[in-house]
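Reviewing the structure listed below.
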Amino acid sequence: EKSFAYMMTIFDGICTIIDKNIGLDQKECLHEFCRLLGRINKHINLNHAHGSDGYLEAVRKVRTFTLATLDNWAQGFYSIHYLLNFWESLVTFSKNAHSEDVQTIQDDILTIACDFIASKFSLANYFLKVDRGERSPVGDLFENPLENDGQAKQQLAPLRLLSKCHFQKLAERLKAQLSEYADLQSSDTLKVHQFSWLVHIIAVIIDGNQRNLHNVLQENCSNSDRIQQDDQEERALTVNSLNGELISHVFYIIEKQNLNIEVLNLAFLQFLDTFTKIFFGEWTHISNIAVHSKICELLELESENDVLSILIKKILFYVQNYPDHTLITKRSIKLLDKLFAKVSVKRV
């Protein structure tokens with residue numbers, strides 16, 4: 001009872017701060033409040049809170065606050081990842097929530113994931129305006145994450161978990177967004193930068209999917225319930241069929257447009273690094289088969305060797321055409337080395 005009362009006091013405090021906007025106009029206070037929300041899972045057992053009125057009210061308030069913060073992303077740029085930690089914890093704990101609450105929480109997480117993705121498109125527009133001298137950097141936002149693929153990947157890391165909720169709906173939205181870039185032109189700088197973010201985003205989401213499915217299928221090995229095993233394997237095939245569709249769309253646009261732009265090349269190299277792990281079944285063999293099948297179908301390829309040929313040609317293109325770009329060359333050679341090592345092992 002004491003523990004539950006403690007939790008309710010914290011949730012009441014969160015609601016009061018959001019309702020009365022206490023200190024949230026100040027950047028430092030906003031940052032600390034986001035850190036507090038991100039730590040809740042570490043200090044409170046949410047299993048005991050699920051279903052209570054205070055908990056559900058707090059979740060609704062935090063949802064509103066999160067969407068407002070994502071809309072005004074420049075103000076809380078370095079605080080958003082703490083805020084998303086709160087929602088990452090709910091991805092796991094919503095499994096244990098009362099059935100009537102699960103759908104609402106997962107719907108909220110999908111909405112937040114989509115808004116987080118949209119904020120990156122806004123970020124692309126922001127940096128282009130800075131480059132053109134139309135506006136000054138806000139605070140210490142001086143470096144475009146697209147120019148450092150490691151930074152872009154780090155910023156997008158929360159999507160690994162957030163994308164687990166309603167992944168099929170999210171995948172459909174991503175496919176719809178990809179279709180908007182089917183006729184991408186190098187002269188449309190904004191669209192090129194937005195598409196570069198989308199390539200990074202899909203790489204991170206697919207990476208998260210594969211890791212999650214690997215864990216699920218590993219657990220299946222020790223599960224004696226055959227019906228549950230079949231359900232999990234069917235889900236894995238469905239998820240990876242969608243993964244294959246997303247991968248195919250990215251490959252199609254990259255190959256069709258043949259755009260030679262630095263930020264897009266960095267994004268695609270990061271994408272290829274994730275894809276090679278799937279291609280060689282680094283996580284699960286069942287994932288490997290499902291993705292290959294869908295890619296070959298959509299890109300009208302005959303076999304895995306055709307996919308491998310596309311991979312090698314693209315990486316060699318980067319090695320040959322970017323001898324003076326340290327980061328692209330380094331990434332390309334590292335990826336090529338890993339690719340050849342995997343091919344050698346596979347053939348042996």
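The chains in the structure tokens are called A, B, ... from first to last as shown; in each chain the residues are counted from 1, and the ligands are counted from 1 in the order shown.
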
Proximity of range 289-341 of chain A to range 243-246 of chain A: per-residue shortest pair, 8 Å limit, only C-alpha atoms, as JSON lines:
```
{"residue": "A:Ala290", "atom": "CA", "partner": "A:Gly244", "partner_atom": "CA", "distance": 7.4}
{"residue": "A:Val291", "atom": "CA", "partner": "A:Gly244", "partner_atom": "CA", "distance": 4.5}
{"residue": "A:His292", "atom": "CA", "partner": "A:Gly244", "partner_atom": "CA", "distance": 7.1}
{"residue": "A:Ser293", "atom": "CA", "partner": "A:Gly244", "partner_atom": "CA", "distance": 7.9}
{"residue": "A:Lys294", "atom": "CA", "partner": "A:Gly244", "partner_atom": "CA", "distance": 5.2}
{"residue": "A:Ile295", "atom": "CA", "partner": "A:Gly244", "partner_atom": "CA", "distance": 5.4}
{"residue": "A:Leu298", "atom": "CA", "partner": "A:Glu245", "partner_atom": "CA", "distance": 7.3}
```

Which neighbours of Leu162 in chain A fall inside 10 Å, counting only C-alpha atoms, when residues of the same chain fewer than 4 positions from it are skipped, and could you give them as a PDB file with all heavy atoms, in the first residue's frame?
```pdb
ATOM      1  N   LEU A  84      11.205  10.008 -24.497  1.00  0.00           N
ATOM      2  CA  LEU A  84      10.845   8.778 -25.207  1.00  0.00           C
ATOM      3  C   LEU A  84      11.180   7.533 -24.401  1.00  0.00           C
ATOM      4  O   LEU A  84      10.594   6.471 -24.624  1.00  0.00           O
ATOM      5  CB  LEU A  84      11.532   8.737 -26.572  1.00  0.00           C
ATOM      6  CG  LEU A  84      11.077   9.821 -27.563  1.00  0.00           C
ATOM      7  CD1 LEU A  84      11.820   9.676 -28.884  1.00  0.00           C
ATOM      8  CD2 LEU A  84       9.570   9.771 -27.797  1.00  0.00           C
ATOM      9  N   ASN A  85      12.105   7.655 -23.445  1.00  0.00           N
ATOM     10  CA  ASN A  85      12.392   6.527 -22.552  1.00  0.00           C
ATOM     11  C   ASN A  85      11.142   6.112 -21.771  1.00  0.00           C
ATOM     12  O   ASN A  85      10.941   4.925 -21.484  1.00  0.00           O
ATOM     13  CB  ASN A  85      13.505   6.883 -21.554  1.00  0.00           C
ATOM     14  CG  ASN A  85      14.874   6.862 -22.192  1.00  0.00           C
ATOM     15  OD1 ASN A  85      15.059   6.321 -23.272  1.00  0.00           O
ATOM     16  ND2 ASN A  85      15.849   7.462 -21.536  1.00  0.00           N
ATOM     17  N   TRP A  87       8.099   6.221 -22.847  1.00  0.00           N
ATOM     18  CA  TRP A  87       7.246   5.439 -23.743  1.00  0.00           C
ATOM     19  C   TRP A  87       7.868   4.094 -24.089  1.00  0.00           C
ATOM     20  O   TRP A  87       7.148   3.105 -24.289  1.00  0.00           O
ATOM     21  CB  TRP A  87       6.938   6.253 -24.997  1.00  0.00           C
ATOM     22  CG  TRP A  87       6.118   7.454 -24.659  1.00  0.00           C
ATOM     23  CD1 TRP A  87       6.552   8.742 -24.529  1.00  0.00           C
ATOM     24  CD2 TRP A  87       4.727   7.472 -24.334  1.00  0.00           C
ATOM     25  NE1 TRP A  87       5.524   9.556 -24.157  1.00  0.00           N
ATOM     26  CE2 TRP A  87       4.386   8.810 -24.030  1.00  0.00           C
ATOM     27  CE3 TRP A  87       3.733   6.499 -24.288  1.00  0.00           C
ATOM     28  CZ2 TRP A  87       3.097   9.185 -23.675  1.00  0.00           C
ATOM     29  CZ3 TRP A  87       2.453   6.870 -23.941  1.00  0.00           C
ATOM     30  CH2 TRP A  87       2.140   8.203 -23.632  1.00  0.00           C
ATOM     31  N   GLU A  88       9.182   4.039 -24.135  1.00  0.00           N
ATOM     32  CA  GLU A  88       9.849   2.747 -24.348  1.00  0.00           C
ATOM     33  C   GLU A  88       9.494   1.775 -23.224  1.00  0.00           C
ATOM     34  O   GLU A  88       9.278   0.581 -23.458  1.00  0.00           O
ATOM     35  CB  GLU A  88      11.361   2.939 -24.417  1.00  0.00           C
ATOM     36  CG  GLU A  88      11.861   3.566 -25.712  1.00  0.00           C
ATOM     37  CD  GLU A  88      13.358   3.705 -25.722  1.00  0.00           C
ATOM     38  OE1 GLU A  88      14.048   2.724 -26.021  1.00  0.00           O
ATOM     39  OE2 GLU A  88      13.858   4.815 -25.411  1.00  0.00           O
ATOM     40  N   SER A  89       9.450   2.296 -21.994  1.00  0.00           N
ATOM     41  CA  SER A  89       9.112   1.422 -20.863  1.00  0.00           C
ATOM     42  C   SER A  89       7.683   0.909 -20.978  1.00  0.00           C
ATOM     43  O   SER A  89       7.377  -0.217 -20.592  1.00  0.00           O
ATOM     44  CB  SER A  89       9.305   2.169 -19.533  1.00  0.00           C
ATOM     45  OG  SER A  89       8.329   3.185 -19.372  1.00  0.00           O
ATOM     46  N   LEU A  90       6.804   1.717 -21.566  1.00  0.00           N
ATOM     47  CA  LEU A  90       5.412   1.300 -21.711  1.00  0.00           C
ATOM     48  C   LEU A  90       5.236   0.234 -22.789  1.00  0.00           C
ATOM     49  O   LEU A  90       4.267  -0.514 -22.765  1.00  0.00           O
ATOM     50  CB  LEU A  90       4.520   2.502 -22.033  1.00  0.00           C
ATOM     51  CG  LEU A  90       4.382   3.566 -20.941  1.00  0.00           C
ATOM     52  CD1 LEU A  90       3.254   4.523 -21.286  1.00  0.00           C
ATOM     53  CD2 LEU A  90       4.115   2.939 -19.583  1.00  0.00           C
ATOM     54  N   VAL A  91       6.156   0.176 -23.746  1.00  0.00           N
ATOM     55  CA  VAL A  91       6.088  -0.869 -24.766  1.00  0.00           C
ATOM     56  C   VAL A  91       6.124  -2.232 -24.088  1.00  0.00           C
ATOM     57  O   VAL A  91       5.357  -3.140 -24.404  1.00  0.00           O
ATOM     58  CB  VAL A  91       7.251  -0.748 -25.769  1.00  0.00           C
ATOM     59  CG1 VAL A  91       7.273  -1.958 -26.698  1.00  0.00           C
ATOM     60  CG2 VAL A  91       7.123   0.531 -26.581  1.00  0.00           C
ATOM     61  N   THR A  92       7.024  -2.360 -23.110  1.00  0.00           N
ATOM     62  CA  THR A  92       7.165  -3.619 -22.382  1.00  0.00           C
ATOM     63  C   THR A  92       6.031  -3.825 -21.392  1.00  0.00           C
ATOM     64  O   THR A  92       5.390  -4.884 -21.359  1.00  0.00           O
ATOM     65  CB  THR A  92       8.499  -3.651 -21.618  1.00  0.00           C
ATOM     66  OG1 THR A  92       9.562  -3.492 -22.556  1.00  0.00           O
ATOM     67  CG2 THR A  92       8.666  -4.963 -20.876  1.00  0.00           C
ATOM     68  N   GLN A 106      -1.033   1.477 -26.734  1.00  0.00           N
ATOM     69  CA  GLN A 106      -0.308   1.165 -27.965  1.00  0.00           C
ATOM     70  C   GLN A 106      -0.645   2.144 -29.079  1.00  0.00           C
ATOM     71  O   GLN A 106       0.215   2.488 -29.892  1.00  0.00           O
ATOM     72  CB  GLN A 106      -0.591  -0.277 -28.380  1.00  0.00           C
ATOM     73  CG  GLN A 106      -0.013  -1.290 -27.385  1.00  0.00           C
ATOM     74  CD  GLN A 106      -0.035  -2.718 -27.908  1.00  0.00           C
ATOM     75  OE1 GLN A 106      -0.714  -3.003 -28.889  1.00  0.00           O
ATOM     76  NE2 GLN A 106       0.689  -3.593 -27.251  1.00  0.00           N
ATOM     77  N   ILE A 109       1.488   5.132 -28.417  1.00  0.00           N
ATOM     78  CA  ILE A 109       2.888   4.901 -28.783  1.00  0.00           C
ATOM     79  C   ILE A 109       3.073   5.012 -30.295  1.00  0.00           C
ATOM     80  O   ILE A 109       4.058   5.590 -30.771  1.00  0.00           O
ATOM     81  CB  ILE A 109       3.364   3.524 -28.262  1.00  0.00           C
ATOM     82  CG1 ILE A 109       3.435   3.555 -26.727  1.00  0.00           C
ATOM     83  CG2 ILE A 109       4.732   3.162 -28.836  1.00  0.00           C
ATOM     84  CD1 ILE A 109       3.680   2.203 -26.077  1.00  0.00           C
ATOM     85  N   LEU A 110       2.118   4.490 -31.076  1.00  0.00           N
ATOM     86  CA  LEU A 110       2.186   4.617 -32.536  1.00  0.00           C
ATOM     87  C   LEU A 110       2.135   6.085 -32.945  1.00  0.00           C
ATOM     88  O   LEU A 110       2.922   6.527 -33.799  1.00  0.00           O
ATOM     89  CB  LEU A 110       1.029   3.851 -33.182  1.00  0.00           C
ATOM     90  CG  LEU A 110       0.878   4.022 -34.700  1.00  0.00           C
ATOM     91  CD1 LEU A 110       2.105   3.498 -35.430  1.00  0.00           C
ATOM     92  CD2 LEU A 110      -0.382   3.320 -35.205  1.00  0.00           C
ATOM     93  N   THR A 111       1.227   6.840 -32.339  1.00  0.00           N
ATOM     94  CA  THR A 111       1.104   8.272 -32.654  1.00  0.00           C
ATOM     95  C   THR A 111       2.399   9.005 -32.345  1.00  0.00           C
ATOM     96  O   THR A 111       2.877   9.840 -33.140  1.00  0.00           O
ATOM     97  CB  THR A 111      -0.049   8.899 -31.843  1.00  0.00           C
ATOM     98  OG1 THR A 111      -1.269   8.240 -32.183  1.00  0.00           O
ATOM     99  CG2 THR A 111      -0.180  10.391 -32.135  1.00  0.00           C
ATOM    100  N   ILE A 112       2.995   8.692 -31.216  1.00  0.00           N
ATOM    101  CA  ILE A 112       4.241   9.353 -30.801  1.00  0.00           C
ATOM    102  C   ILE A 112       5.394   8.964 -31.720  1.00  0.00           C
ATOM    103  O   ILE A 112       6.218   9.802 -32.103  1.00  0.00           O
ATOM    104  CB  ILE A 112       4.548   9.022 -29.330  1.00  0.00           C
ATOM    105  CG1 ILE A 112       3.586   9.808 -28.426  1.00  0.00           C
ATOM    106  CG2 ILE A 112       5.997   9.337 -28.962  1.00  0.00           C
ATOM    107  CD1 ILE A 112       3.439   9.274 -27.038  1.00  0.00           C
ATOM    108  N   ALA A 113       5.460   7.697 -32.115  1.00  0.00           N
ATOM    109  CA  ALA A 113       6.510   7.252 -33.044  1.00  0.00           C
ATOM    110  C   ALA A 113       6.393   8.015 -34.367  1.00  0.00           C
ATOM    111  O   ALA A 113       7.403   8.474 -34.924  1.00  0.00           O
ATOM    112  CB  ALA A 113       6.408   5.749 -33.279  1.00  0.00           C
ATOM    113  N   CYS A 114       5.171   8.166 -34.870  1.00  0.00           N
ATOM    114  CA  CYS A 114       4.963   8.879 -36.133  1.00  0.00           C
ATOM    115  C   CYS A 114       5.315  10.359 -36.010  1.00  0.00           C
ATOM    116  O   CYS A 114       5.912  10.948 -36.930  1.00  0.00           O
ATOM    117  CB  CYS A 114       3.516   8.719 -36.595  1.00  0.00           C
ATOM    118  SG  CYS A 114       3.104   7.037 -37.127  1.00  0.00           S
ATOM    119  N   ALA A 157      17.425   5.817 -32.029  1.00  0.00           N
ATOM    120  CA  ALA A 157      17.431   4.550 -31.283  1.00  0.00           C
ATOM    121  C   ALA A 157      16.096   4.207 -30.603  1.00  0.00           C
ATOM    122  O   ALA A 157      15.706   3.033 -30.579  1.00  0.00           O
ATOM    123  CB  ALA A 157      18.557   4.550 -30.256  1.00  0.00           C
ATOM    124  N   PRO A 158      15.349   5.187 -30.046  1.00  0.00           N
ATOM    125  CA  PRO A 158      14.067   4.825 -29.399  1.00  0.00           C
ATOM    126  C   PRO A 158      13.090   4.108 -30.322  1.00  0.00           C
ATOM    127  O   PRO A 158      12.228   3.365 -29.851  1.00  0.00           O
ATOM    128  CB  PRO A 158      13.509   6.184 -28.951  1.00  0.00           C
ATOM    129  CG  PRO A 158      14.712   7.045 -28.762  1.00  0.00           C
ATOM    130  CD  PRO A 158      15.663   6.619 -29.835  1.00  0.00           C
ATOM    131  N   HIS A 166       1.926  -1.846 -33.016  1.00  0.00           N
ATOM    132  CA  HIS A 166       1.230  -1.665 -34.289  1.00  0.00           C
ATOM    133  C   HIS A 166       2.221  -1.518 -35.442  1.00  0.00           C
ATOM    134  O   HIS A 166       2.104  -0.600 -36.270  1.00  0.00           O
ATOM    135  CB  HIS A 166       0.320  -0.435 -34.234  1.00  0.00           C
ATOM    136  CG  HIS A 166      -0.797  -0.535 -33.245  1.00  0.00           C
ATOM    137  ND1 HIS A 166      -1.607  -1.645 -33.144  1.00  0.00           N
ATOM    138  CD2 HIS A 166      -1.244   0.348 -32.303  1.00  0.00           C
ATOM    139  CE1 HIS A 166      -2.516  -1.440 -32.193  1.00  0.00           C
ATOM    140  NE2 HIS A 166      -2.308  -0.260 -31.664  1.00  0.00           N
ATOM    141  N   PHE A 167       3.194  -2.417 -35.508  1.00  0.00           N
ATOM    142  CA  PHE A 167       4.219  -2.300 -36.548  1.00  0.00           C
ATOM    143  C   PHE A 167       3.621  -2.332 -37.948  1.00  0.00           C
ATOM    144  O   PHE A 167       4.078  -1.619 -38.847  1.00  0.00           O
ATOM    145  CB  PHE A 167       5.271  -3.408 -36.416  1.00  0.00           C
ATOM    146  CG  PHE A 167       6.221  -3.446 -37.588  1.00  0.00           C
ATOM    147  CD1 PHE A 167       7.077  -2.381 -37.828  1.00  0.00           C
ATOM    148  CD2 PHE A 167       6.216  -4.523 -38.468  1.00  0.00           C
ATOM    149  CE1 PHE A 167       7.931  -2.390 -38.925  1.00  0.00           C
ATOM    150  CE2 PHE A 167       7.063  -4.541 -39.563  1.00  0.00           C
ATOM    151  CZ  PHE A 167       7.925  -3.477 -39.791  1.00  0.00           C
ATOM    152  N   ILE A 205      14.476   0.780 -37.503  1.00  0.00           N
ATOM    153  CA  ILE A 205      13.272   0.007 -37.205  1.00  0.00           C
ATOM    154  C   ILE A 205      13.467  -1.466 -37.564  1.00  0.00           C
ATOM    155  O   ILE A 205      13.103  -2.365 -36.799  1.00  0.00           O
ATOM    156  CB  ILE A 205      12.058   0.595 -37.952  1.00  0.00           C
ATOM    157  CG1 ILE A 205      11.659   1.934 -37.307  1.00  0.00           C
ATOM    158  CG2 ILE A 205      10.875  -0.370 -37.942  1.00  0.00           C
ATOM    159  CD1 ILE A 205      10.576   2.686 -38.044  1.00  0.00           C
ATOM    160  N   GLY A 208      15.643  -3.108 -35.025  1.00  0.00           N
ATOM    161  CA  GLY A 208      14.887  -3.412 -33.811  1.00  0.00           C
ATOM    162  C   GLY A 208      13.986  -4.622 -33.993  1.00  0.00           C
ATOM    163  O   GLY A 208      13.867  -5.468 -33.099  1.00  0.00           O
TER     164      GLY A 208
END
```

Skip Phe77 in chain A itself and residues of its chain fewer than 4 positions away, then list as a ChimeraX atom specification all residues within 12 Å of it, counting only C-alpha atoms. /A:27-28,30-31,34,69-73,81-84,116,119-120,123,138-141,155

Quick one: pick out all helix (DSSP H, G or I) residues within range 52-276 of chain A from a backbone DSSP run and write them as a PyMOL selection string. chain A and resi 53-71+80-96+99-131+145-147+149-155+159-162+167-179+189-221+226-257+262-276

Residues within 8 Å of range 250-256 of chain A, only C-alpha atoms, excluding chain neighbours under 3 positions, as an MDAnalysis selection string: chainID A and resid 178 181:184 199 246:247 259 299

Quick one: of A:Tyr6, A:Val59, A:Phe86, A:Leu159, who's nearest to Phe33 in chain A, counting only C-alpha atoms? A:Phe86

Using only C-alpha atoms, I'd like a table of the residues in range 283-341 of chain A that come within 12 Å of range 262-269 of chain A; for each, show the closest atom pair and its distance in Å rounded to one decimal, ordered by chain and ascending number, as CSV.
```
residue,atom,partner,partner_atom,distance
A:Leu311,CA,A:Leu269,CA,10.2
A:Ile312,CA,A:Leu269,CA,11.7
A:Lys314,CA,A:Leu269,CA,9.2
A:Ile315,CA,A:Leu269,CA,7.9
A:Leu316,CA,A:Leu269,CA,11.5
A:Phe317,CA,A:Asn265,CA,10.5
A:Tyr318,CA,A:Asn265,CA,8.0
A:Val319,CA,A:Leu269,CA,11.4
A:Asn321,CA,A:Asn265,CA,11.2
A:Tyr322,CA,A:Glu262,CA,9.5
A:His325,CA,A:Glu262,CA,9.2
A:Thr326,CA,A:Leu266,CA,11.4
A:Leu327,CA,A:Leu266,CA,8.3
A:Ile328,CA,A:Leu266,CA,6.5
A:Thr329,CA,A:Leu266,CA,10.1
A:Lys330,CA,A:Leu269,CA,10.6
A:Arg331,CA,A:Leu269,CA,7.1
A:Ser332,CA,A:Leu269,CA,7.1
A:Ile333,CA,A:Leu269,CA,10.7
A:Lys334,CA,A:Leu269,CA,10.4
A:Leu335,CA,A:Leu269,CA,8.2
A:Leu336,CA,A:Leu269,CA,10.7
```

Quote the spacing between CA of Ile278 in chain A and CA of Arg235 in chain A in Å to one decimal place. 16.8 Å

Hey, which of A:Glu304, A:Phe275, A:Gly76, A:Ser196 ends up closest to Gln26 in chain A? Count only C-alpha atoms. A:Gly76

So that I can see what lies close to Ser122 in chain A, please list as a list in words the residues with an atom at most 10 Å from it, counting only C-alpha atoms and leaving out residues fewer than 4 positions away in the same chain. Asp71, Trp73, Ala74, Phe116, Ile117, Ala118, Tyr126, Phe127, Leu190 and Gln194 of chain A

Write out the residues from the selection above, keeping N, CA and C atoms, as an mmCIF file, in the first residue's frame.
```cif
data_model
loop_
_atom_site.group_PDB
_atom_site.id
_atom_site.type_symbol
_atom_site.label_atom_id
_atom_site.label_comp_id
_atom_site.auth_asym_id
_atom_site.auth_seq_id
_atom_site.Cartn_x
_atom_site.Cartn_y
_atom_site.Cartn_z
ATOM 1 N N ASP A 71 6.380 18.669 -31.310
ATOM 2 C CA ASP A 71 5.988 19.737 -32.232
ATOM 3 C C ASP A 71 6.938 20.925 -32.108
ATOM 4 N N TRP A 73 10.203 20.807 -31.226
ATOM 5 C CA TRP A 73 11.379 19.977 -30.986
ATOM 6 C C TRP A 73 12.656 20.769 -30.719
ATOM 7 N N ALA A 74 12.775 21.971 -31.278
ATOM 8 C CA ALA A 74 14.009 22.751 -31.097
ATOM 9 C C ALA A 74 14.209 23.147 -29.634
ATOM 10 N N PHE A 116 7.478 11.597 -33.877
ATOM 11 C CA PHE A 116 8.931 11.654 -33.727
ATOM 12 C C PHE A 116 9.593 11.594 -35.105
ATOM 13 N N ILE A 117 9.083 10.732 -35.980
ATOM 14 C CA ILE A 117 9.603 10.640 -37.349
ATOM 15 C C ILE A 117 9.386 11.967 -38.082
ATOM 16 N N ALA A 118 8.191 12.540 -37.927
ATOM 17 C CA ALA A 118 7.882 13.817 -38.575
ATOM 18 C C ALA A 118 8.808 14.926 -38.095
ATOM 19 N N TYR A 126 14.949 22.645 -41.113
ATOM 20 C CA TYR A 126 15.621 23.609 -40.233
ATOM 21 C C TYR A 126 17.085 23.814 -40.646
ATOM 22 N N PHE A 127 17.818 22.712 -40.850
ATOM 23 C CA PHE A 127 19.234 22.840 -41.179
ATOM 24 C C PHE A 127 19.468 23.413 -42.573
ATOM 25 N N LEU A 190 15.564 19.645 -50.073
ATOM 26 C CA LEU A 190 14.773 19.310 -48.882
ATOM 27 C C LEU A 190 14.311 17.864 -48.936
ATOM 28 N N GLN A 194 15.155 14.796 -46.393
ATOM 29 C CA GLN A 194 14.078 14.079 -45.720
ATOM 30 C C GLN A 194 14.124 12.585 -46.047
#
```
